[in-house]
>>> print(open('target-v5.txt').read())   # compact mmCIF, C-alpha atoms
# COMPACT_ATOMS: atom_id res chain seq x y z
CA MET A 1 137.58 167.35 56.36
CA PHE A 2 134.11 166.14 55.57
CA LEU A 3 133.72 164.84 59.13
CA TYR A 4 134.85 168.22 60.39
CA TRP A 5 132.02 169.99 58.57
CA GLU A 6 129.59 167.30 59.60
CA HIS A 7 130.49 167.91 63.24
CA ILE A 8 130.15 171.69 62.87
CA TRP A 9 126.88 171.24 60.99
CA ILE A 10 125.31 169.10 63.72
CA VAL A 11 126.41 171.42 66.52
CA GLY A 12 125.47 174.56 64.60
CA LEU A 13 122.02 173.32 63.70
CA ALA A 14 121.37 172.21 67.28
CA LEU A 15 122.55 175.55 68.62
CA LEU A 16 120.34 177.45 66.20
CA ILE A 17 117.22 175.47 67.15
CA ALA A 18 118.12 175.67 70.83
CA SER A 19 118.48 179.44 70.77
CA VAL A 20 115.23 179.86 68.84
CA ILE A 21 113.47 177.91 71.62
CA GLY A 22 115.56 178.98 74.60
CA VAL A 23 115.90 182.74 74.24
CA PRO A 24 112.16 183.54 73.89
CA LEU A 25 111.41 181.10 76.70
CA GLY A 26 114.02 182.77 78.88
CA ILE A 27 112.55 186.19 78.11
CA TYR A 28 109.02 184.99 78.72
CA ILE A 29 109.72 183.50 82.16
CA THR A 30 111.24 186.73 83.48
CA GLY A 31 107.71 187.99 83.98
CA HIS A 32 106.37 184.81 85.58
CA ASP A 33 108.31 183.71 88.62
CA GLN A 34 106.38 180.52 89.32
CA VAL A 35 106.76 179.29 85.76
CA ALA A 36 110.41 180.35 85.87
CA THR A 37 111.37 178.01 88.72
CA ARG A 38 109.67 175.10 87.00
CA VAL A 39 111.22 175.73 83.63
CA LEU A 40 114.67 176.12 85.17
CA ASN A 41 114.22 172.99 87.28
CA SER A 42 113.12 170.95 84.27
CA ALA A 43 116.11 172.19 82.32
CA THR A 44 118.40 171.24 85.21
CA VAL A 45 116.96 167.74 85.30
CA LEU A 46 117.50 167.43 81.53
CA MET A 47 121.09 168.52 81.99
CA THR A 48 121.62 165.93 84.70
CA ILE A 49 120.67 163.01 82.46
CA PRO A 50 123.89 161.48 81.14
CA SER A 51 124.24 161.96 77.39
CA ILE A 52 124.55 158.34 76.38
CA ALA A 53 121.56 157.46 78.59
CA LEU A 54 119.56 160.22 76.92
CA PHE A 55 120.38 158.79 73.51
CA GLY A 56 119.28 155.42 74.83
CA LEU A 57 116.03 156.76 76.23
CA MET A 58 115.17 158.60 73.02
CA LEU A 59 115.98 155.71 70.76
CA PRO A 60 112.82 153.63 71.33
CA ILE A 61 110.62 156.73 71.18
CA LEU A 62 112.09 158.03 67.94
CA ALA A 63 112.21 154.53 66.52
CA LEU A 64 108.42 154.80 66.25
CA PHE A 65 108.97 157.47 63.59
CA ASN A 66 111.78 155.46 62.07
CA MET A 67 114.37 158.00 63.20
CA GLY A 68 115.98 156.17 66.09
CA LEU A 69 119.51 156.34 64.75
CA GLY A 70 121.36 158.99 62.81
CA LYS A 71 121.49 162.75 63.00
CA VAL A 72 117.96 163.48 64.19
CA PRO A 73 118.28 162.08 67.74
CA ALA A 74 121.75 163.61 68.03
CA VAL A 75 120.45 167.07 67.16
CA ILE A 76 117.45 166.67 69.49
CA ALA A 77 119.69 165.63 72.39
CA LEU A 78 122.01 168.56 71.77
CA VAL A 79 119.06 170.96 71.66
CA LEU A 80 117.79 169.60 74.99
CA TYR A 81 121.20 169.94 76.61
CA SER A 82 121.64 173.51 75.38
CA GLN A 83 118.41 174.64 76.99
CA LEU A 84 119.76 175.07 80.53
CA PRO A 85 122.67 177.43 79.80
CA ILE A 86 120.66 179.42 77.27
CA ILE A 87 117.47 179.81 79.32
CA ARG A 88 119.33 180.44 82.57
CA ASN A 89 121.59 183.09 81.07
CA THR A 90 118.76 184.86 79.27
CA TYR A 91 116.68 184.82 82.43
CA THR A 92 119.37 186.14 84.76
CA ALA A 93 120.55 188.70 82.21
CA ILE A 94 117.14 190.26 81.79
CA LYS A 95 116.42 190.03 85.51
CA ASN A 96 119.64 191.92 86.17
CA VAL A 97 118.82 194.89 83.97
CA PRO A 98 118.89 197.80 86.47
CA PRO A 99 115.30 198.63 87.46
CA GLU A 100 115.96 202.35 87.14
CA LEU A 101 116.68 201.89 83.42
CA VAL A 102 113.43 200.00 82.98
CA ASP A 103 111.62 202.76 84.86
CA ALA A 104 113.25 205.41 82.73
CA ALA A 105 112.20 203.62 79.55
CA LYS A 106 108.65 203.27 80.86
CA GLY A 107 108.69 206.96 81.69
CA MET A 108 109.61 207.68 78.09
CA GLY A 109 106.42 205.94 77.09
CA MET A 110 107.86 202.70 75.71
CA ASP A 111 105.47 199.78 75.61
CA ARG A 112 106.48 196.25 76.71
CA TRP A 113 107.75 195.24 73.29
CA LYS A 114 109.77 198.34 72.68
CA LEU A 115 111.20 198.20 76.18
CA LEU A 116 112.35 194.68 75.50
CA ARG A 117 113.84 195.48 72.12
CA GLU A 118 115.56 198.73 72.89
CA VAL A 119 116.58 198.43 76.53
CA GLU A 120 116.52 194.92 77.92
CA ILE A 121 117.87 192.86 75.04
CA PRO A 122 120.82 195.16 74.18
CA LEU A 123 121.85 195.14 77.83
CA ALA A 124 121.42 191.39 78.18
CA ILE A 125 122.96 190.27 74.90
CA PRO A 126 126.54 189.67 76.17
CA VAL A 127 125.29 187.34 78.88
CA ILE A 128 122.96 185.56 76.46
CA ILE A 129 125.87 184.98 74.10
CA ALA A 130 127.92 183.68 77.04
CA GLY A 131 125.16 181.09 77.53
CA LEU A 132 125.34 180.15 73.87
CA ARG A 133 129.10 179.81 74.25
CA THR A 134 128.79 177.36 77.14
CA ALA A 135 126.20 175.41 75.19
CA ALA A 136 128.35 175.31 72.06
CA VAL A 137 131.47 174.01 73.81
CA MET A 138 129.46 171.38 75.67
CA ASN A 139 127.68 170.31 72.50
CA ILE A 140 130.91 169.78 70.61
CA GLY A 141 131.93 167.24 73.24
CA ILE A 142 128.57 165.51 73.31
CA ALA A 143 128.39 165.38 69.53
CA ALA A 144 131.56 163.28 69.69
CA ILE A 145 129.66 160.71 71.76
CA ALA A 146 126.69 160.81 69.40
CA VAL A 147 128.76 158.88 66.88
CA TYR A 148 127.57 155.72 68.65
CA ILE A 149 124.04 156.35 67.48
CA GLY A 150 125.32 156.90 63.97
CA SER A 151 125.41 160.66 63.64
CA GLY A 152 128.88 160.89 62.14
CA GLY A 153 131.18 163.80 62.88
CA LEU A 154 134.65 163.80 64.36
CA GLY A 155 133.70 161.16 66.92
CA VAL A 156 134.14 158.65 64.09
CA TYR A 157 137.93 158.87 64.48
CA ILE A 158 137.71 158.17 68.19
CA GLU A 159 135.22 155.34 67.76
CA GLN A 160 137.24 153.67 65.02
CA GLY A 161 140.42 154.26 66.94
CA ILE A 162 139.04 152.50 70.01
CA ALA A 163 137.68 149.66 67.94
CA ARG A 164 141.01 149.11 66.21
CA VAL A 165 143.17 149.99 69.22
CA TYR A 166 144.93 152.54 67.05
CA PRO A 167 146.22 155.32 69.34
CA GLU A 168 147.21 157.71 66.54
CA MET A 169 143.67 157.71 65.23
CA ILE A 170 142.20 158.30 68.70
CA LEU A 171 144.71 161.07 69.28
CA SER A 172 143.90 162.81 66.00
CA GLY A 173 140.18 162.60 66.71
CA ALA A 174 140.60 163.84 70.26
CA ILE A 175 142.84 166.72 69.22
CA LEU A 176 140.56 167.76 66.38
CA VAL A 177 137.49 167.79 68.63
CA SER A 178 139.31 169.70 71.37
CA LEU A 179 140.68 172.15 68.84
CA LEU A 180 137.22 172.73 67.44
CA ALA A 181 135.91 173.37 70.95
CA ILE A 182 138.72 175.80 71.74
CA ILE A 183 138.31 177.69 68.45
CA VAL A 184 134.56 177.96 68.85
CA ASP A 185 135.06 179.11 72.44
CA GLY A 186 137.41 181.85 71.24
CA LEU A 187 135.12 182.95 68.41
CA MET A 188 132.15 183.16 70.73
CA ALA A 189 134.21 185.19 73.20
CA LEU A 190 134.98 187.60 70.38
CA LEU A 191 131.31 187.76 69.44
CA GLU A 192 130.48 188.42 73.07
CA ARG A 193 132.81 191.39 73.11
CA MET A 194 131.47 192.69 69.83
CA ALA A 195 127.87 192.47 70.99
CA THR A 196 128.49 194.45 74.16
CA PRO A 197 127.04 197.94 73.64
CA ALA A 198 129.64 200.71 73.50
CA GLY A 199 128.11 202.44 76.52
CA ILE A 200 128.61 199.44 78.77
CA LYS A 201 132.19 198.99 77.61
CA LEU A 202 132.89 202.62 78.45
CA GLN A 203 131.33 202.14 81.86
CA ARG A 204 133.57 199.16 82.55
CA THR A 205 136.75 200.98 81.55
CA LEU A 206 135.76 203.91 83.71
CA ALA A 207 135.02 201.61 86.63
CA ARG A 208 138.52 200.24 86.36
CA MET B 1 97.48 182.76 82.91
CA THR B 2 100.35 181.59 85.09
CA GLY B 3 98.10 179.26 87.06
CA LEU B 4 96.81 177.71 83.87
CA LEU B 5 100.33 177.18 82.56
CA ILE B 6 101.33 175.38 85.72
CA LYS B 7 98.28 173.17 85.48
CA ILE B 8 99.18 172.33 81.89
CA TYR B 9 102.72 171.59 83.04
CA ARG B 10 101.52 169.18 85.73
CA PHE B 11 99.19 167.51 83.28
CA LEU B 12 102.00 167.08 80.77
CA LEU B 13 104.24 165.53 83.43
CA ILE B 14 101.56 162.97 84.31
CA VAL B 15 100.97 162.18 80.63
CA ILE B 16 104.70 161.72 80.04
CA ILE B 17 105.00 159.35 82.99
CA LEU B 18 101.98 157.33 81.81
CA VAL B 19 103.19 157.11 78.22
CA ALA B 20 106.66 156.14 79.42
CA GLY B 21 105.14 153.41 81.60
CA VAL B 22 103.13 151.95 78.73
CA ALA B 23 106.09 152.18 76.38
CA ILE B 24 108.34 150.39 78.85
CA GLU B 25 105.84 147.57 79.25
CA ARG B 26 105.60 147.22 75.48
CA THR B 27 109.34 147.07 74.91
CA GLY B 28 109.53 144.07 77.20
CA LEU B 29 111.62 145.70 79.89
CA VAL B 30 109.40 144.24 82.60
CA GLU B 31 109.87 140.81 81.12
CA LEU B 32 113.63 141.27 81.04
CA LEU B 33 113.66 142.37 84.65
CA SER B 34 111.61 139.41 85.81
CA ASP B 35 114.24 137.04 84.44
CA PRO B 36 116.40 136.28 87.51
CA TYR B 37 119.59 135.77 85.50
CA GLU B 38 119.26 139.05 83.62
CA ARG B 39 118.42 140.82 86.84
CA GLN B 40 121.57 139.52 88.43
CA VAL B 41 123.62 140.80 85.49
CA ILE B 42 122.04 144.22 85.71
CA VAL B 43 122.61 144.46 89.47
CA GLU B 44 126.21 143.38 89.02
CA LEU B 45 126.81 146.00 86.33
CA PHE B 46 125.15 148.59 88.52
CA TRP B 47 127.57 147.90 91.38
CA GLN B 48 130.46 147.97 88.96
CA HIS B 49 129.29 151.35 87.70
CA LEU B 50 128.93 152.67 91.24
CA TYR B 51 132.38 151.35 92.13
CA ILE B 52 134.02 153.16 89.20
CA VAL B 53 132.20 156.37 90.04
CA LEU B 54 132.92 156.27 93.77
CA VAL B 55 136.62 155.47 93.44
CA SER B 56 137.27 158.10 90.79
CA ILE B 57 135.21 160.83 92.43
CA SER B 58 136.87 160.36 95.82
CA ILE B 59 140.36 160.59 94.36
CA ALA B 60 139.28 163.53 92.21
CA THR B 61 137.78 165.43 95.13
CA ILE B 62 140.90 165.09 97.22
CA ALA B 63 143.14 166.04 94.30
CA GLY B 64 140.92 168.91 93.21
CA LEU B 65 140.72 170.36 96.71
CA THR B 66 144.48 170.10 97.09
CA VAL B 67 145.11 171.87 93.78
CA GLY B 68 142.57 174.54 94.62
CA ILE B 69 144.00 175.14 98.08
CA VAL B 70 147.64 175.11 96.99
CA PHE B 71 147.09 177.65 94.24
CA THR B 72 145.28 180.07 96.52
CA ARG B 73 148.15 180.15 99.08
CA GLN B 74 150.06 183.41 99.17
CA ARG B 75 153.18 181.91 97.63
CA PHE B 76 151.49 180.33 94.60
CA ARG B 77 148.75 182.89 94.12
CA LYS B 78 150.39 184.41 91.06
CA TYR B 79 150.05 181.08 89.26
CA ALA B 80 146.32 180.81 90.03
CA GLY B 81 145.34 182.51 86.78
CA VAL B 82 147.48 180.16 84.71
CA CYS B 83 146.07 177.17 86.57
CA MET B 84 142.52 178.39 85.98
CA TYR B 85 143.27 178.78 82.27
CA ILE B 86 144.69 175.27 81.97
CA VAL B 87 141.72 173.80 83.81
CA GLY B 88 139.33 175.69 81.54
CA LEU B 89 141.17 174.40 78.51
CA GLY B 90 141.03 170.86 79.88
CA GLN B 91 137.29 171.07 80.25
CA THR B 92 136.83 171.71 76.54
CA ILE B 93 138.32 168.29 75.76
CA PRO B 94 135.42 165.90 75.22
CA SER B 95 135.03 163.11 77.76
CA LEU B 96 135.13 160.42 75.11
CA ALA B 97 138.52 161.69 73.98
CA VAL B 98 139.91 161.59 77.52
CA LEU B 99 138.76 157.99 77.92
CA ALA B 100 140.15 157.00 74.54
CA LEU B 101 143.50 158.61 75.31
CA ALA B 102 143.70 156.87 78.68
CA MET B 103 143.12 153.62 76.86
CA SER B 104 145.95 154.23 74.42
CA PHE B 105 148.38 154.76 77.32
CA LEU B 106 147.14 152.27 79.91
CA GLY B 107 145.44 149.61 77.85
CA ILE B 108 141.94 148.35 78.50
CA GLY B 109 140.16 147.54 81.72
CA LEU B 110 139.12 149.15 84.95
CA LYS B 111 142.33 151.06 85.65
CA PRO B 112 142.39 153.36 82.61
CA ALA B 113 138.68 154.09 83.06
CA ILE B 114 139.13 155.13 86.68
CA PHE B 115 142.22 157.11 85.71
CA ALA B 116 140.41 159.00 82.94
CA LEU B 117 137.35 159.70 85.08
CA THR B 118 139.54 160.94 87.92
CA ILE B 119 141.37 163.36 85.64
CA TYR B 120 138.16 164.55 84.13
CA SER B 121 136.43 165.12 87.48
CA VAL B 122 139.39 166.93 89.05
CA LEU B 123 138.79 169.87 86.71
CA PRO B 124 135.42 171.16 87.98
CA VAL B 125 136.36 170.55 91.62
CA ALA B 126 139.70 172.36 91.26
CA ARG B 127 138.15 175.19 89.29
CA ASN B 128 135.41 175.84 91.81
CA THR B 129 137.73 175.51 94.81
CA LEU B 130 139.99 178.11 93.23
CA ALA B 131 137.10 180.40 92.36
CA GLY B 132 135.42 179.92 95.73
CA ILE B 133 138.48 180.65 97.86
CA THR B 134 139.50 183.59 95.67
CA ALA B 135 136.05 185.10 96.15
CA VAL B 136 136.24 185.04 99.97
CA PRO B 137 136.10 188.71 101.03
CA ALA B 138 139.57 189.97 102.02
CA GLU B 139 138.19 191.67 105.13
CA LEU B 140 137.12 188.30 106.54
CA ILE B 141 140.66 186.97 106.18
CA GLU B 142 142.01 190.17 107.71
CA ALA B 143 139.62 189.73 110.62
CA GLY B 144 140.87 186.17 111.07
CA LYS B 145 144.45 187.39 111.08
CA GLY B 146 143.54 190.10 113.55
CA MET B 147 142.14 187.48 115.88
CA GLY B 148 145.55 185.83 115.82
CA MET B 149 144.65 182.79 113.72
CA PRO B 150 147.54 180.89 112.14
CA PRO B 151 147.21 180.36 108.34
CA LEU B 152 145.93 176.81 108.78
CA ARG B 153 143.09 177.93 111.00
CA ILE B 154 142.24 180.74 108.61
CA LEU B 155 142.01 178.15 105.87
CA LEU B 156 139.87 175.74 107.88
CA GLU B 157 137.65 178.20 109.71
CA VAL B 158 137.38 181.18 107.38
CA GLU B 159 138.24 180.33 103.79
CA LEU B 160 136.82 176.84 103.37
CA PRO B 161 133.45 177.46 105.08
CA ASN B 162 132.94 180.60 103.04
CA ALA B 163 133.88 178.88 99.80
CA MET B 164 131.97 175.69 100.64
CA LYS B 165 128.93 176.53 98.55
CA VAL B 166 130.91 177.10 95.36
CA ILE B 167 133.08 174.03 96.02
CA LEU B 168 129.98 171.88 96.42
CA VAL B 169 128.60 173.13 93.11
CA GLY B 170 131.85 172.00 91.51
CA PHE B 171 131.62 168.64 93.25
CA ARG B 172 128.07 168.23 92.02
CA VAL B 173 129.00 168.99 88.42
CA ALA B 174 131.93 166.59 88.67
CA LEU B 175 129.77 163.82 90.11
CA VAL B 176 127.03 164.11 87.50
CA ILE B 177 129.53 164.27 84.62
CA ASN B 178 131.37 161.35 86.18
CA ILE B 179 128.26 159.16 86.28
CA GLY B 180 127.52 159.93 82.65
CA THR B 181 131.07 159.38 81.50
CA ALA B 182 131.37 156.14 83.45
CA ALA B 183 128.73 154.81 81.05
CA LEU B 184 131.22 155.37 78.24
CA SER B 185 133.91 153.49 80.07
CA TYR B 186 132.37 150.28 78.78
CA LEU B 187 134.05 151.16 75.50
CA ILE B 188 137.48 150.73 77.02
CA GLY B 189 136.49 147.52 78.73
CA ALA B 190 135.62 148.65 82.25
CA GLY B 191 132.05 147.38 82.25
CA GLY B 192 129.37 149.32 84.07
CA LEU B 193 125.85 150.06 82.94
CA GLY B 194 127.12 151.40 79.62
CA ASP B 195 127.54 147.75 78.70
CA LEU B 196 123.76 147.37 78.46
CA ILE B 197 123.28 150.61 76.51
CA PHE B 198 125.87 149.90 73.85
CA THR B 199 124.81 146.28 73.48
CA GLY B 200 121.22 147.47 73.26
CA ILE B 201 122.04 149.98 70.54
CA SER B 202 124.05 147.62 68.40
CA LEU B 203 121.57 144.75 68.71
CA MET B 204 118.53 147.06 68.60
CA GLN B 205 117.28 145.42 71.78
CA THR B 206 115.24 148.18 73.31
CA GLU B 207 114.63 146.43 76.63
CA LYS B 208 118.34 145.96 77.22
CA LEU B 209 119.03 149.54 76.25
CA LEU B 210 116.44 150.84 78.70
CA ALA B 211 117.69 148.53 81.43
CA GLY B 212 120.96 150.43 81.16
CA ALA B 213 119.73 153.93 80.41
CA ILE B 214 117.09 154.20 83.13
CA PRO B 215 119.32 153.21 86.08
CA ILE B 216 122.05 155.60 84.90
CA THR B 217 119.57 158.44 84.63
CA LEU B 218 118.15 157.67 88.07
CA LEU B 219 121.64 157.38 89.52
CA ALA B 220 122.54 160.82 88.15
CA LEU B 221 119.32 162.40 89.41
CA VAL B 222 119.68 160.84 92.87
CA ALA B 223 123.33 161.93 93.07
CA ASP B 224 122.29 165.45 92.11
CA PHE B 225 119.63 165.46 94.82
CA LEU B 226 122.04 164.11 97.45
CA CYS B 227 124.48 166.87 96.59
CA GLU B 228 121.75 169.39 97.21
CA LEU B 229 121.11 167.84 100.65
CA LEU B 230 124.85 167.90 101.29
CA SER B 231 125.00 171.60 100.54
CA VAL B 232 122.20 172.21 103.04
CA ALA B 233 124.13 170.23 105.64
CA LEU B 234 127.57 171.72 104.98
CA VAL B 235 127.01 175.36 104.14
CA SER B 236 126.84 177.39 107.31
CA LYS B 237 123.55 178.96 108.36
CA GLY B 238 124.74 182.55 108.15
CA LEU B 239 125.75 182.19 104.51
CA ARG B 240 122.49 180.57 103.55
CA LEU B 241 120.63 183.36 105.27
CA SER B 242 122.39 186.01 103.21
CA ASP B 243 121.12 184.55 99.93
>>> encode(input="target-v5.txt", output="structure tokens")
Amino acid sequence: MFLYWEHIWIVGLALLIASVIGVPLGIYITGHDQVATRVLNSATVLMTIPSIALFGLMLPILALFNMGLGKVPAVIALVLYSQLPIIRNTYTAIKNVPPELVDAAKGMGMDRWKLLREVEIPLAIPVIIAGLRTAAVMNIGIAAIAVYIGSGGLGVYIEQGIARVYPEMILSGAILVSLLAIIVDGLMALLERMATPAGIKLQRTLAR
Amino acid sequence: MTGLLIKIYRFLLIVIILVAGVAIERTGLVELLSDPYERQVIVELFWQHLYIVLVSISIATIAGLTVGIVFTRQRFRKYAGVCMYIVGLGQTIPSLAVLALAMSFLGIGLKPAIFALTIYSVLPVARNTLAGITAVPAELIEAGKGMGMPPLRILLEVELPNAMKVILVGFRVALVINIGTAALSYLIGAGGLGDLIFTGISLMQTEKLLAGAIPITLLALVADFLCELLSVALVSKGLRLSD
């Protein structure tokens, strides 16, 4: 049970930090196309780096601050991996806000900040949460690997199970991690539905 | 403002490369690489890694395409949703767990690793093949039928070329995940570059760790780039134009 909370804690913390960095960055780059391609490309490259290799690459760097092993590198790696889905979804969501709505808001005399807060973000929020959902499910899997750099979490069962060739232990670890991923996926889907503004929901039902 | 940001970005990239270079020299990676015996070991592990990846990805691509194509045929179409759901569920299972489970059934060595990687890479390929073929506009298929094409020719000349872009994205995801997960296959005794990483972590030998981590990263990046080239070569001109 303790390992369960540890796992959730690592993933949750990473997700929180990642969204604090990713969402503003995603909003910022909607206005700057050149920066946008670079940011998105960098995030893609980060995503391409295999997780265990990323842990390996970070280890000597963080070892300088005496934090090479443990939870810190795990959380940093998870934050880096979450950037691509979060930034990309925020970016596309805000880009896809119908231009006539933006024009209407401008016509009503909204400034940039108000436009963002009252028109763009409410319309984009379901897609942004979908990005968070992808990131969360992915992170739960990667956090299981992070056990090899000593972060703890449910990966411990799998690691110990492999080391002792004890299939029941591996199985319980694997099932618990998968279950966690599926539950989180479901919860985020619910959140996604809740965050969709009533007007958009109505529009969708009418379209059907 | 934007110009300045891009300049800062370029500057940061150069600084990162320089710092990384100095750091690598200091950890003794260069020294490790100049030792002929160690170099031979690394090269051997690299080929082993590549072998695992290539075998599993080729089987997975064939299997994934087959699943995707079968479930989009008229007769099985009603099961496509169920298949999609199962595949989505499968993707939430962490890669480490899949490897560990394969080990508990098949024992240790190369075979369970390739088996696990194959299973794990089938999912994105199958999912994207399904999604890609389902998204082909119905009027195109109608047009094909109207021209008197038999179902096989519709598949080969209408459905697959139109879905190719999405399928290749799936292939790319599968390949990159596969390369990363193959590093974990050391844990179930299949060797590969993960050997160096895990040994490096447990012995705190940074040079060994980097000798494993850097080639894997490069391998993944190169594979990603090759997939991009492949999509330029395979996606038909008309579709690329419409983007």
>>> residues_around(input="target-v5.txt", residues="Tyr166 (chain A)", least_positions_apart="2", cutoff="12 Å", atoms="only C-alpha atoms", output="list in words")
Tyr157, Ile158, Glu159, Gln160, Gly161, Ile162, Ala163, Arg164, Glu168, Met169, Ile170, Leu171, Ser172 and Gly173 of chain A; Ala100, Leu101, Met103, Ser104, Phe105 and Gly107 of chain B
>>> write_last_selection(input="target-v5.txt", atoms="C-alpha atoms", output="PDB file, in the frame of the given file")
ATOM      1  CA  TYR A 157     137.930 158.870  64.480  1.00  0.00           C
ATOM      2  CA  ILE A 158     137.710 158.170  68.190  1.00  0.00           C
ATOM      3  CA  GLU A 159     135.220 155.340  67.760  1.00  0.00           C
ATOM      4  CA  GLN A 160     137.240 153.670  65.020  1.00  0.00           C
ATOM      5  CA  GLY A 161     140.420 154.260  66.940  1.00  0.00           C
ATOM      6  CA  ILE A 162     139.040 152.500  70.010  1.00  0.00           C
ATOM      7  CA  ALA A 163     137.680 149.660  67.940  1.00  0.00           C
ATOM      8  CA  ARG A 164     141.010 149.110  66.210  1.00  0.00           C
ATOM      9  CA  GLU A 168     147.210 157.710  66.540  1.00  0.00           C
ATOM     10  CA  MET A 169     143.670 157.710  65.230  1.00  0.00           C
ATOM     11  CA  ILE A 170     142.200 158.300  68.700  1.00  0.00           C
ATOM     12  CA  LEU A 171     144.710 161.070  69.280  1.00  0.00           C
ATOM     13  CA  SER A 172     143.900 162.810  66.000  1.00  0.00           C
ATOM     14  CA  GLY A 173     140.180 162.600  66.710  1.00  0.00           C
TER      15      GLY A 173
ATOM     16  CA  ALA B 100     140.150 157.000  74.540  1.00  0.00           C
ATOM     17  CA  LEU B 101     143.500 158.610  75.310  1.00  0.00           C
ATOM     18  CA  MET B 103     143.120 153.620  76.860  1.00  0.00           C
ATOM     19  CA  SER B 104     145.950 154.230  74.420  1.00  0.00           C
ATOM     20  CA  PHE B 105     148.380 154.760  77.320  1.00  0.00           C
ATOM     21  CA  GLY B 107     145.440 149.610  77.850  1.00  0.00           C
TER      22      GLY B 107
END
>>> residues_around(input="target-v5.txt", residues="Ala105 (chain A)", least_positions_apart="5", cutoff="10 Å", atoms="only C-alpha atoms", output="list in words")
Pro99, Glu100, Met110, Asp111, Arg112, Lys114, Leu115, Leu116, Glu118, Val119 and Glu120 of chain A
>>> residues_around(input="target-v5.txt", residues="Ala126 (chain B)", least_positions_apart="6", cutoff="8 Å", atoms="only C-alpha atoms", output="list in words")
Ala63, Gly64, Leu65, Thr66, Val67, Gly68, Val87 and Gly170 of chain B
>>> closest_residue(input="target-v5.txt", among="B:Leu234, B:Leu209, B:Leu99, B:Leu184", to="Pro167 (chain A)", atoms="all atoms listed in the file")
B:Leu99
>>> interface_residues(input="target-v5.txt", of="chain A", to="chain B", cutoff="9 Å", atoms="only C-alpha atoms", output="VMD selection string")
chain A and resid 32 to 35 38 45 48 to 57 59 to 61 69 137 to 138 140 to 142 144 to 145 148 to 149 155 158 to 159 161 to 163 165 to 168 170 to 171 173 to 175 177 to 179 181 to 182 185
>>> atom_distance(input="target-v5.txt", atom1="CA of Gln83 (chain A)", atom2="CA of Met47 (chain A)")
8.3 Å
>>> atom_distance(input="target-v5.txt", atom1="CA of Val22 (chain B)", atom2="CA of Asp195 (chain B)")
24.8 Å
>>> atom_distance(input="target-v5.txt", atom1="CA of Arg153 (chain B)", atom2="CA of Ser121 (chain B)")
27.6 Å
>>> residues_around(input="target-v5.txt", residues="region 13-18 of chain A", least_positions_apart="4", cutoff="10 Å", atoms="only C-alpha atoms", output="ChimeraX atom specification")
/A:8-9,22-23,72,74-84,86-87,132-133,135-136,139
